[in-house]
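Inspection log for the structure reproduced underneath, given as C-alpha cells.
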Protein chains: 2
Amino acid sequence: MYKNSGGRVPVSDEVLKSNESFYRAFNDKDFAAMAGVWSSSQDISCIHPGWNVLEGRDSVLESWRTILSNPSQPRIVFGGATVNVLGMVAVVVCRELVAGSPLAATNVFVSEGGVWKLVHHQSGPVYASQST
Amino acid sequence: MYKNSGGRVPVSDEVLKSNESFYRAFNDKDFAAMAGVWSSSQDISCIHPGWNVLEGRDSVLESWRTILSNPSQPRIVFGGATVNVLGMVAVVVCRELVAGSPLAATNVFVSEGGVWKLVHHQSGPVYASQST
C-alpha cells in the first residue's frame, strides 16, 4: 500500500504539456515563449513545411522570429499527439492543421533539469489523397 | 598518453552507419534488411512524404513492404546527414533526393544492445523556392 505515485504526473503527460506549450507559443505569436520552449543547446534543428533543414539555435530561432512576426501567419491546430518516452528523450508525433491544410509533425524533446525542452521539430504536408 | 580511444568508432559514426543502412535497404528494395533497420519495439512511427502518421511496427513495416515492392519506386539519394547524440537516443537530420525532388528528413535511432535501431522516420518535400 501507499505504492501509488503520490499524485506525480506521468512522464508522458509532462511531455505533452511541453508539446502544448510549443503550439501555444506559436498561436500567441510569443517569440520569448517559443525561445523558452526550445533547448538552450546549440544542437537543435528544425524542418518547417517545405523548408530545408535548419540547424543551430541561432538559425532555428531566427526562423521562428520571422514566422511569428508575420501578421498573416494563420493559427495552428494540433491533435492526435502520441508520446514515445526513451529515457531522457521523448518523441512526439501529431497532426497539425494550418488554414485548413493538414500536416504531420515530429517533435523531439529532451529532459533538461526536469523540464522537457524541444531539440527538433519537423512538419510536413499531408496530401489530400492520404489524409482520409 | 595512451589516452586515445583505442580505435573505437565514435558514437556518431555508428549512428551514421545505421542511417546508411536505412537508405541502402531502401535502394536495394530489401524488405528484410529494412525490417532489421527498425527497432523491434512496437513503439515505432513513420511519416512518409505526404502521408499521415503511421504508428506501430505492423503499420510501419506494411508501408515499407508496399513501397519497396513498387517496381516504379525511384532510388533515393541522401546527404548532409548530421547527428545529435542524446544518450541512448540519436537524432539524424539529412536531405534526400528522389527522382530529382528534394526532401528533408528526420531519423531517430535508439541504441539497442549496442546497435542503433530506427524508431522514427519523417520525410517531407522541400519546395523549390526554399531549396536554394
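By convention here, the chains of the C-alpha cells are called A, B, ... in the order presented, each chain's residues are numbered starting at 1, and ligands are numbered starting at 1 in the order presented.
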
Would you write out chain B as a compact mmCIF listing (two decimals) with N, CA, C and O atoms, in the first residue's frame, after superposing it on chain A by least squares over all in-order Cα pairs?
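What landed in result06.txt:
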```
# COMPACT_ATOMS: atom_id res chain seq x y z
N MET B 1 0.27 -1.62 -0.43
CA MET B 1 -0.56 -0.41 -0.43
C MET B 1 0.34 0.83 -0.37
O MET B 1 1.54 0.72 -0.15
N TYR B 2 -0.29 1.94 -0.57
CA TYR B 2 0.43 3.20 -0.68
C TYR B 2 1.48 3.17 -1.80
O TYR B 2 2.48 3.85 -1.75
N LYS B 3 1.21 2.27 -2.75
CA LYS B 3 2.16 2.20 -3.86
C LYS B 3 1.70 3.03 -5.05
O LYS B 3 2.10 2.79 -6.16
N ASN B 4 0.82 3.95 -4.79
CA ASN B 4 0.46 4.84 -5.90
C ASN B 4 1.60 5.82 -6.15
O ASN B 4 2.59 5.83 -5.43
N SER B 5 1.43 6.63 -7.14
CA SER B 5 2.53 7.51 -7.56
C SER B 5 2.58 8.79 -6.73
O SER B 5 3.36 9.69 -7.04
N GLY B 6 1.75 8.87 -5.71
CA GLY B 6 1.77 10.06 -4.87
C GLY B 6 1.31 11.30 -5.61
O GLY B 6 1.69 12.42 -5.27
N GLY B 7 0.52 11.09 -6.65
CA GLY B 7 0.01 12.23 -7.39
C GLY B 7 0.98 12.78 -8.42
O GLY B 7 0.72 13.79 -9.06
N ARG B 8 2.10 12.13 -8.58
CA ARG B 8 3.10 12.60 -9.54
C ARG B 8 2.55 12.47 -10.96
O ARG B 8 1.92 11.48 -11.31
N VAL B 9 2.79 13.51 -11.73
CA VAL B 9 2.32 13.52 -13.13
C VAL B 9 3.13 12.51 -13.95
O VAL B 9 4.35 12.48 -13.85
N PRO B 10 2.45 11.65 -14.72
CA PRO B 10 3.20 10.72 -15.56
C PRO B 10 4.13 11.47 -16.52
O PRO B 10 3.82 12.58 -16.96
N VAL B 11 5.25 10.83 -16.84
CA VAL B 11 6.25 11.48 -17.69
C VAL B 11 5.64 11.89 -19.03
O VAL B 11 5.88 13.00 -19.53
N SER B 12 4.82 11.01 -19.59
CA SER B 12 4.25 11.34 -20.91
C SER B 12 3.36 12.58 -20.84
O SER B 12 3.30 13.36 -21.80
N ASP B 13 2.70 12.80 -19.71
CA ASP B 13 1.89 14.01 -19.55
C ASP B 13 2.77 15.25 -19.48
O ASP B 13 2.41 16.31 -20.01
N GLU B 14 3.93 15.11 -18.82
CA GLU B 14 4.86 16.25 -18.76
C GLU B 14 5.33 16.61 -20.17
O GLU B 14 5.44 17.78 -20.52
N VAL B 15 5.61 15.58 -20.97
CA VAL B 15 6.05 15.82 -22.35
C VAL B 15 4.93 16.50 -23.14
O VAL B 15 5.17 17.47 -23.88
N LEU B 16 3.71 16.01 -22.97
CA LEU B 16 2.57 16.60 -23.70
C LEU B 16 2.35 18.06 -23.31
O LEU B 16 1.96 18.88 -24.15
N LYS B 17 2.64 18.38 -22.05
CA LYS B 17 2.53 19.78 -21.63
C LYS B 17 3.53 20.66 -22.38
O LYS B 17 3.21 21.76 -22.81
N SER B 18 4.74 20.14 -22.51
CA SER B 18 5.74 20.91 -23.26
C SER B 18 5.35 21.02 -24.73
O SER B 18 5.56 22.05 -25.37
N ASN B 19 4.77 19.94 -25.24
CA ASN B 19 4.30 19.97 -26.63
C ASN B 19 3.22 21.04 -26.82
O ASN B 19 3.22 21.79 -27.80
N GLU B 20 2.31 21.09 -25.84
CA GLU B 20 1.26 22.12 -25.88
C GLU B 20 1.85 23.52 -25.80
O GLU B 20 1.37 24.45 -26.47
N SER B 21 2.89 23.67 -24.98
CA SER B 21 3.53 24.98 -24.85
C SER B 21 4.10 25.46 -26.18
O SER B 21 4.08 26.67 -26.49
N PHE B 22 4.61 24.51 -26.95
CA PHE B 22 5.14 24.85 -28.27
C PHE B 22 4.05 25.44 -29.15
O PHE B 22 4.21 26.51 -29.75
N TYR B 23 2.90 24.76 -29.20
CA TYR B 23 1.83 25.24 -30.08
C TYR B 23 1.17 26.51 -29.53
O TYR B 23 0.70 27.36 -30.29
N ARG B 24 1.17 26.65 -28.19
CA ARG B 24 0.62 27.87 -27.61
C ARG B 24 1.49 29.07 -27.98
O ARG B 24 0.99 30.13 -28.35
N ALA B 25 2.81 28.89 -27.88
CA ALA B 25 3.73 29.98 -28.25
C ALA B 25 3.52 30.37 -29.71
O ALA B 25 3.55 31.55 -30.07
N PHE B 26 3.30 29.34 -30.55
CA PHE B 26 3.05 29.58 -31.97
C PHE B 26 1.80 30.44 -32.14
O PHE B 26 1.83 31.47 -32.82
N ASN B 27 0.70 30.02 -31.51
CA ASN B 27 -0.57 30.72 -31.71
C ASN B 27 -0.60 32.09 -31.04
O ASN B 27 -1.29 32.99 -31.50
N ASP B 28 0.15 32.23 -29.96
CA ASP B 28 0.24 33.54 -29.29
C ASP B 28 1.23 34.46 -30.01
O ASP B 28 1.37 35.63 -29.63
N LYS B 29 1.93 33.89 -31.00
CA LYS B 29 3.00 34.64 -31.70
C LYS B 29 3.96 35.26 -30.67
O LYS B 29 4.37 36.41 -30.78
N ASP B 30 4.26 34.45 -29.67
CA ASP B 30 5.08 34.88 -28.54
C ASP B 30 6.50 34.34 -28.73
O ASP B 30 6.80 33.20 -28.37
N PHE B 31 7.35 35.17 -29.28
CA PHE B 31 8.70 34.71 -29.60
C PHE B 31 9.48 34.33 -28.35
O PHE B 31 10.21 33.32 -28.35
N ALA B 32 9.34 35.08 -27.27
CA ALA B 32 10.07 34.77 -26.04
C ALA B 32 9.64 33.40 -25.51
O ALA B 32 10.48 32.60 -25.08
N ALA B 33 8.35 33.14 -25.56
CA ALA B 33 7.86 31.83 -25.11
C ALA B 33 8.40 30.73 -26.02
O ALA B 33 8.81 29.66 -25.55
N MET B 34 8.40 30.98 -27.34
CA MET B 34 8.92 29.99 -28.28
C MET B 34 10.40 29.71 -27.99
O MET B 34 10.83 28.55 -27.98
N ALA B 35 11.17 30.76 -27.76
CA ALA B 35 12.60 30.58 -27.46
C ALA B 35 12.77 29.75 -26.20
O ALA B 35 13.72 28.96 -26.09
N GLY B 36 11.85 29.93 -25.24
CA GLY B 36 11.94 29.18 -23.99
C GLY B 36 11.52 27.73 -24.11
O GLY B 36 11.95 26.89 -23.32
N VAL B 37 10.69 27.43 -25.11
CA VAL B 37 10.27 26.04 -25.35
C VAL B 37 11.44 25.20 -25.83
O VAL B 37 11.56 24.02 -25.49
N TRP B 38 12.32 25.84 -26.61
CA TRP B 38 13.46 25.11 -27.19
C TRP B 38 14.60 24.97 -26.19
O TRP B 38 14.79 25.82 -25.32
N SER B 39 15.35 23.90 -26.34
CA SER B 39 16.56 23.71 -25.56
C SER B 39 17.52 24.87 -25.78
O SER B 39 17.55 25.46 -26.86
N SER B 40 18.29 25.20 -24.75
CA SER B 40 19.27 26.27 -24.88
C SER B 40 20.53 25.78 -25.59
O SER B 40 21.44 26.56 -25.88
N SER B 41 20.58 24.49 -25.89
CA SER B 41 21.73 23.92 -26.60
C SER B 41 21.81 24.47 -28.01
O SER B 41 20.80 24.85 -28.61
N GLN B 42 23.02 24.49 -28.56
CA GLN B 42 23.17 24.85 -29.97
C GLN B 42 22.72 23.71 -30.87
O GLN B 42 22.45 23.91 -32.06
N ASP B 43 22.68 22.49 -30.32
CA ASP B 43 22.38 21.31 -31.13
C ASP B 43 20.88 21.10 -31.28
O ASP B 43 20.32 20.09 -30.84
N ILE B 44 20.23 22.09 -31.87
CA ILE B 44 18.81 21.96 -32.16
C ILE B 44 18.62 22.10 -33.67
O ILE B 44 19.47 22.66 -34.37
N SER B 45 17.52 21.56 -34.15
CA SER B 45 17.28 21.60 -35.60
C SER B 45 15.78 21.67 -35.86
O SER B 45 14.96 21.32 -35.00
N CYS B 46 15.44 22.14 -37.04
CA CYS B 46 14.03 22.38 -37.36
C CYS B 46 13.83 22.26 -38.87
O CYS B 46 14.64 22.76 -39.65
N ILE B 47 12.77 21.58 -39.25
CA ILE B 47 12.40 21.47 -40.67
C ILE B 47 10.95 21.94 -40.80
O ILE B 47 10.01 21.20 -40.52
N HIS B 48 10.78 23.21 -41.19
CA HIS B 48 9.43 23.74 -41.43
C HIS B 48 8.88 23.13 -42.71
O HIS B 48 9.64 22.71 -43.58
N PRO B 49 7.54 23.13 -42.86
CA PRO B 49 6.96 22.55 -44.08
C PRO B 49 7.52 23.20 -45.35
O PRO B 49 7.41 24.42 -45.52
N GLY B 50 8.13 22.39 -46.19
CA GLY B 50 8.67 22.89 -47.44
C GLY B 50 10.05 23.50 -47.36
O GLY B 50 10.64 23.83 -48.39
N TRP B 51 10.56 23.67 -46.14
CA TRP B 51 11.87 24.29 -45.96
C TRP B 51 12.96 23.22 -45.94
O TRP B 51 12.70 22.05 -45.67
N ASN B 52 14.18 23.69 -46.16
CA ASN B 52 15.33 22.84 -45.92
C ASN B 52 15.61 22.76 -44.42
O ASN B 52 15.02 23.49 -43.63
N VAL B 53 16.52 21.87 -44.07
CA VAL B 53 16.92 21.70 -42.68
C VAL B 53 17.55 22.98 -42.13
O VAL B 53 18.42 23.58 -42.79
N LEU B 54 17.12 23.38 -40.96
CA LEU B 54 17.78 24.46 -40.22
C LEU B 54 18.47 23.85 -39.02
O LEU B 54 17.88 23.04 -38.30
N GLU B 55 19.73 24.22 -38.81
CA GLU B 55 20.48 23.67 -37.68
C GLU B 55 21.13 24.78 -36.87
O GLU B 55 21.60 25.78 -37.44
N GLY B 56 21.18 24.57 -35.55
CA GLY B 56 21.77 25.56 -34.66
C GLY B 56 20.71 26.50 -34.12
O GLY B 56 19.74 26.85 -34.80
N ARG B 57 20.90 26.90 -32.87
CA ARG B 57 19.88 27.72 -32.20
C ARG B 57 19.63 29.04 -32.91
O ARG B 57 18.48 29.48 -33.03
N ASP B 58 20.69 29.66 -33.42
CA ASP B 58 20.52 30.96 -34.08
C ASP B 58 19.61 30.84 -35.31
O ASP B 58 18.67 31.61 -35.48
N SER B 59 19.90 29.85 -36.15
CA SER B 59 19.10 29.67 -37.38
C SER B 59 17.66 29.30 -37.06
O SER B 59 16.71 29.82 -37.67
N VAL B 60 17.51 28.40 -36.10
CA VAL B 60 16.16 27.94 -35.76
C VAL B 60 15.33 29.08 -35.18
O VAL B 60 14.19 29.33 -35.60
N LEU B 61 15.91 29.81 -34.22
CA LEU B 61 15.13 30.89 -33.60
C LEU B 61 14.86 32.03 -34.58
O LEU B 61 13.80 32.66 -34.54
N GLU B 62 15.82 32.29 -35.47
CA GLU B 62 15.59 33.33 -36.47
C GLU B 62 14.39 32.98 -37.34
O GLU B 62 13.59 33.85 -37.71
N SER B 63 14.27 31.69 -37.67
CA SER B 63 13.12 31.27 -38.49
C SER B 63 11.81 31.50 -37.74
O SER B 63 10.81 31.93 -38.33
N TRP B 64 11.83 31.21 -36.45
CA TRP B 64 10.61 31.43 -35.67
C TRP B 64 10.30 32.90 -35.51
O TRP B 64 9.12 33.30 -35.52
N ARG B 65 11.33 33.72 -35.40
CA ARG B 65 11.09 35.17 -35.31
C ARG B 65 10.38 35.65 -36.57
O ARG B 65 9.44 36.44 -36.51
N THR B 66 10.84 35.15 -37.72
CA THR B 66 10.23 35.52 -39.00
C THR B 66 8.78 35.04 -39.08
O THR B 66 7.87 35.80 -39.45
N ILE B 67 8.56 33.77 -38.72
CA ILE B 67 7.21 33.20 -38.81
C ILE B 67 6.24 33.89 -37.85
O ILE B 67 5.13 34.27 -38.23
N LEU B 68 6.69 34.09 -36.60
CA LEU B 68 5.78 34.65 -35.59
C LEU B 68 5.53 36.14 -35.79
O LEU B 68 4.55 36.69 -35.26
N SER B 69 6.40 36.81 -36.54
CA SER B 69 6.20 38.24 -36.78
C SER B 69 5.41 38.50 -38.07
O SER B 69 5.16 39.65 -38.42
N ASN B 70 5.02 37.41 -38.74
CA ASN B 70 4.24 37.54 -39.98
C ASN B 70 2.77 37.73 -39.61
O ASN B 70 2.12 36.81 -39.10
N PRO B 71 2.22 38.92 -39.87
CA PRO B 71 0.83 39.18 -39.45
C PRO B 71 -0.18 38.27 -40.14
O PRO B 71 -1.28 38.08 -39.61
N SER B 72 0.17 37.71 -41.30
CA SER B 72 -0.78 36.84 -42.00
C SER B 72 -0.56 35.35 -41.69
O SER B 72 -1.19 34.49 -42.31
N GLN B 73 0.32 35.06 -40.73
CA GLN B 73 0.53 33.66 -40.34
C GLN B 73 -0.72 33.12 -39.67
O GLN B 73 -1.14 33.63 -38.63
N PRO B 74 -1.34 32.07 -40.24
CA PRO B 74 -2.56 31.53 -39.61
C PRO B 74 -2.22 30.79 -38.31
O PRO B 74 -1.08 30.38 -38.09
N ARG B 75 -3.25 30.61 -37.50
CA ARG B 75 -3.10 29.80 -36.29
C ARG B 75 -2.90 28.34 -36.67
O ARG B 75 -3.18 27.92 -37.79
N ILE B 76 -2.44 27.57 -35.70
CA ILE B 76 -2.23 26.13 -35.91
C ILE B 76 -3.07 25.37 -34.89
O ILE B 76 -3.20 25.79 -33.74
N VAL B 77 -3.68 24.30 -35.35
CA VAL B 77 -4.41 23.40 -34.46
C VAL B 77 -3.68 22.07 -34.48
O VAL B 77 -3.32 21.58 -35.55
N PHE B 78 -3.41 21.51 -33.30
CA PHE B 78 -2.76 20.20 -33.31
C PHE B 78 -3.64 19.19 -32.61
O PHE B 78 -4.51 19.53 -31.81
N GLY B 79 -3.41 17.92 -32.93
CA GLY B 79 -4.19 16.86 -32.29
C GLY B 79 -3.54 15.52 -32.50
O GLY B 79 -2.56 15.38 -33.25
N GLY B 80 -4.10 14.52 -31.81
CA GLY B 80 -3.62 13.15 -31.98
C GLY B 80 -2.20 12.93 -31.53
O GLY B 80 -1.53 12.03 -32.05
N ALA B 81 -1.74 13.73 -30.58
CA ALA B 81 -0.34 13.61 -30.14
C ALA B 81 -0.12 12.31 -29.37
O ALA B 81 -0.88 11.98 -28.46
N THR B 82 0.92 11.59 -29.74
CA THR B 82 1.34 10.42 -28.97
C THR B 82 2.81 10.60 -28.60
O THR B 82 3.58 11.24 -29.31
N VAL B 83 3.17 10.04 -27.45
CA VAL B 83 4.51 10.24 -26.89
C VAL B 83 5.22 8.91 -26.78
O VAL B 83 4.64 7.92 -26.31
N ASN B 84 6.47 8.87 -27.20
CA ASN B 84 7.33 7.72 -26.98
C ASN B 84 8.50 8.18 -26.12
O ASN B 84 9.38 8.89 -26.60
N VAL B 85 8.47 7.81 -24.84
CA VAL B 85 9.53 8.23 -23.91
C VAL B 85 10.67 7.21 -23.97
O VAL B 85 10.46 6.00 -23.78
N LEU B 86 11.86 7.71 -24.26
CA LEU B 86 13.06 6.86 -24.39
C LEU B 86 14.11 7.40 -23.44
O LEU B 86 15.05 8.09 -23.84
N GLY B 87 13.90 7.15 -22.15
CA GLY B 87 14.82 7.69 -21.15
C GLY B 87 14.66 9.19 -21.02
O GLY B 87 13.57 9.67 -20.72
N MET B 88 15.74 9.91 -21.30
CA MET B 88 15.73 11.37 -21.16
C MET B 88 15.26 12.07 -22.43
O MET B 88 15.29 13.30 -22.51
N VAL B 89 14.87 11.28 -23.41
CA VAL B 89 14.40 11.82 -24.70
C VAL B 89 12.96 11.36 -24.93
O VAL B 89 12.60 10.24 -24.54
N ALA B 90 12.16 12.20 -25.53
CA ALA B 90 10.79 11.82 -25.86
C ALA B 90 10.47 12.28 -27.28
O ALA B 90 10.80 13.40 -27.68
N VAL B 91 9.86 11.37 -28.04
CA VAL B 91 9.47 11.67 -29.42
C VAL B 91 7.94 11.79 -29.46
O VAL B 91 7.23 10.85 -29.11
N VAL B 92 7.47 12.96 -29.86
CA VAL B 92 6.04 13.19 -30.02
C VAL B 92 5.72 13.24 -31.51
O VAL B 92 6.41 13.91 -32.28
N VAL B 93 4.70 12.50 -31.92
CA VAL B 93 4.19 12.66 -33.28
C VAL B 93 2.75 13.14 -33.15
O VAL B 93 2.01 12.72 -32.24
N CYS B 94 2.37 14.06 -34.03
CA CYS B 94 1.01 14.58 -33.97
C CYS B 94 0.60 15.13 -35.33
O CYS B 94 1.41 15.20 -36.25
N ARG B 95 -0.66 15.47 -35.41
CA ARG B 95 -1.20 16.07 -36.62
C ARG B 95 -1.36 17.57 -36.38
O ARG B 95 -1.58 18.00 -35.26
N GLU B 96 -1.23 18.31 -37.46
CA GLU B 96 -1.43 19.76 -37.39
C GLU B 96 -2.41 20.17 -38.49
O GLU B 96 -2.53 19.49 -39.51
N LEU B 97 -3.08 21.28 -38.24
CA LEU B 97 -3.98 21.83 -39.25
C LEU B 97 -3.70 23.33 -39.30
O LEU B 97 -3.81 24.03 -38.29
N VAL B 98 -3.28 23.81 -40.47
CA VAL B 98 -2.97 25.23 -40.64
C VAL B 98 -3.78 25.75 -41.82
O VAL B 98 -3.57 25.30 -42.95
N ALA B 99 -4.71 26.65 -41.54
CA ALA B 99 -5.56 27.22 -42.60
C ALA B 99 -6.22 26.12 -43.42
O ALA B 99 -6.29 26.21 -44.65
N GLY B 100 -6.67 25.07 -42.75
CA GLY B 100 -7.38 23.99 -43.42
C GLY B 100 -6.49 22.95 -44.06
O GLY B 100 -6.98 21.94 -44.57
N SER B 101 -5.17 23.19 -44.05
CA SER B 101 -4.25 22.23 -44.66
C SER B 101 -3.70 21.28 -43.60
O SER B 101 -3.12 21.74 -42.60
N PRO B 102 -3.85 19.96 -43.81
CA PRO B 102 -3.33 19.01 -42.83
C PRO B 102 -1.82 18.81 -42.97
O PRO B 102 -1.28 18.76 -44.07
N LEU B 103 -1.18 18.70 -41.81
CA LEU B 103 0.25 18.39 -41.75
C LEU B 103 0.48 17.31 -40.71
O LEU B 103 -0.39 17.05 -39.88
N ALA B 104 1.65 16.67 -40.79
CA ALA B 104 2.05 15.71 -39.76
C ALA B 104 3.39 16.17 -39.22
O ALA B 104 4.24 16.68 -39.97
N ALA B 105 3.57 16.00 -37.90
CA ALA B 105 4.75 16.58 -37.27
C ALA B 105 5.44 15.64 -36.30
O ALA B 105 4.83 14.76 -35.71
N THR B 106 6.74 15.89 -36.17
CA THR B 106 7.61 15.23 -35.20
C THR B 106 8.17 16.29 -34.26
O THR B 106 8.69 17.30 -34.74
N ASN B 107 8.06 16.07 -32.97
CA ASN B 107 8.68 16.96 -31.99
C ASN B 107 9.51 16.12 -31.03
O ASN B 107 8.97 15.24 -30.36
N VAL B 108 10.81 16.38 -30.98
CA VAL B 108 11.70 15.62 -30.11
C VAL B 108 12.10 16.50 -28.92
O VAL B 108 12.61 17.61 -29.11
N PHE B 109 11.86 15.98 -27.73
CA PHE B 109 12.15 16.72 -26.50
C PHE B 109 13.24 16.01 -25.70
O PHE B 109 13.36 14.78 -25.75
N VAL B 110 14.01 16.80 -24.95
CA VAL B 110 15.02 16.27 -24.03
C VAL B 110 14.73 16.83 -22.65
O VAL B 110 14.39 18.01 -22.52
N SER B 111 14.86 16.00 -21.64
CA SER B 111 14.66 16.46 -20.27
C SER B 111 15.89 17.22 -19.80
O SER B 111 16.99 16.67 -19.75
N GLU B 112 15.68 18.48 -19.49
CA GLU B 112 16.78 19.34 -19.02
C GLU B 112 16.36 19.93 -17.68
O GLU B 112 15.48 20.78 -17.63
N GLY B 113 17.00 19.46 -16.62
CA GLY B 113 16.66 19.99 -15.29
C GLY B 113 15.21 19.78 -14.93
O GLY B 113 14.59 20.64 -14.29
N GLY B 114 14.66 18.66 -15.39
CA GLY B 114 13.27 18.35 -15.04
C GLY B 114 12.24 18.95 -15.97
O GLY B 114 11.05 18.76 -15.78
N VAL B 115 12.70 19.68 -16.98
CA VAL B 115 11.78 20.28 -17.96
C VAL B 115 12.07 19.70 -19.34
O VAL B 115 13.23 19.57 -19.73
N TRP B 116 11.01 19.36 -20.05
CA TRP B 116 11.16 18.80 -21.39
C TRP B 116 11.30 19.91 -22.41
O TRP B 116 10.36 20.68 -22.63
N LYS B 117 12.49 19.99 -23.01
CA LYS B 117 12.79 21.07 -23.95
C LYS B 117 12.88 20.51 -25.36
O LYS B 117 13.43 19.42 -25.59
N LEU B 118 12.41 21.30 -26.30
CA LEU B 118 12.40 20.88 -27.71
C LEU B 118 13.81 20.95 -28.30
O LEU B 118 14.52 21.94 -28.12
N VAL B 119 14.22 19.88 -28.96
CA VAL B 119 15.53 19.89 -29.65
C VAL B 119 15.37 19.70 -31.16
O VAL B 119 16.32 19.95 -31.91
N HIS B 120 14.19 19.24 -31.59
CA HIS B 120 13.98 19.06 -33.03
C HIS B 120 12.50 19.09 -33.36
O HIS B 120 11.68 18.52 -32.63
N HIS B 121 12.17 19.75 -34.46
CA HIS B 121 10.79 19.81 -34.95
C HIS B 121 10.81 19.62 -36.45
O HIS B 121 11.64 20.21 -37.15
N GLN B 122 9.93 18.76 -36.95
CA GLN B 122 9.68 18.69 -38.39
C GLN B 122 8.20 18.65 -38.62
O GLN B 122 7.46 17.91 -37.94
N SER B 123 7.75 19.43 -39.57
CA SER B 123 6.35 19.38 -39.99
C SER B 123 6.31 19.32 -41.50
O SER B 123 7.06 20.02 -42.18
N GLY B 124 5.43 18.47 -42.02
CA GLY B 124 5.32 18.34 -43.47
C GLY B 124 3.87 18.14 -43.87
O GLY B 124 3.04 17.66 -43.07
N PRO B 125 3.54 18.50 -45.10
CA PRO B 125 2.15 18.43 -45.57
C PRO B 125 1.66 16.99 -45.71
O PRO B 125 2.42 16.09 -46.07
N VAL B 126 0.39 16.80 -45.40
CA VAL B 126 -0.28 15.53 -45.68
C VAL B 126 -1.15 15.77 -46.92
O VAL B 126 -1.99 16.67 -46.93
N TYR B 127 -0.89 14.99 -47.96
CA TYR B 127 -1.65 15.17 -49.19
C TYR B 127 -3.06 14.65 -48.99
O TYR B 127 -3.27 13.65 -48.28
N ALA B 128 -4.01 15.29 -49.65
CA ALA B 128 -5.42 14.97 -49.43
C ALA B 128 -5.72 13.50 -49.63
O ALA B 128 -6.47 12.89 -48.87
N SER B 129 -5.08 12.90 -50.63
CA SER B 129 -5.39 11.51 -50.95
C SER B 129 -4.95 10.56 -49.85
O SER B 129 -5.38 9.42 -49.79
N GLN B 130 -4.07 11.05 -48.97
CA GLN B 130 -3.58 10.21 -47.89
C GLN B 130 -4.18 10.58 -46.54
O GLN B 130 -3.88 9.95 -45.54
N SER B 131 -4.98 11.65 -46.53
CA SER B 131 -5.43 12.15 -45.23
C SER B 131 -6.75 11.55 -44.79
O SER B 131 -7.25 11.88 -43.73
N THR B 132 -7.32 10.72 -45.63
CA THR B 132 -8.61 10.15 -45.26
C THR B 132 -8.41 8.88 -44.45
O THR B 132 -7.35 8.29 -44.46
```

Fill in: Picked from chain A by DSSP as strand (DSSP E), as an NGL selection string
:A and (45-47 or 54-55 or 76-86 or 89-98 or 101-112 or 115-125)

Practice prompt. Can you check which residues of range 34-75 of chain B DSSP gives as alpha helix (DSSP H) on the backbone and send them as a list in words?
Written response: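 Of range 34-75 of chain B, only Met34, Ala35, Gly36, Val37, Arg57, Asp58, Ser59, Val60, Leu61, Glu62, Ser63, Trp64, Arg65, Thr66, Ile67 and Leu68 of chain B fall in alpha helix (DSSP H).
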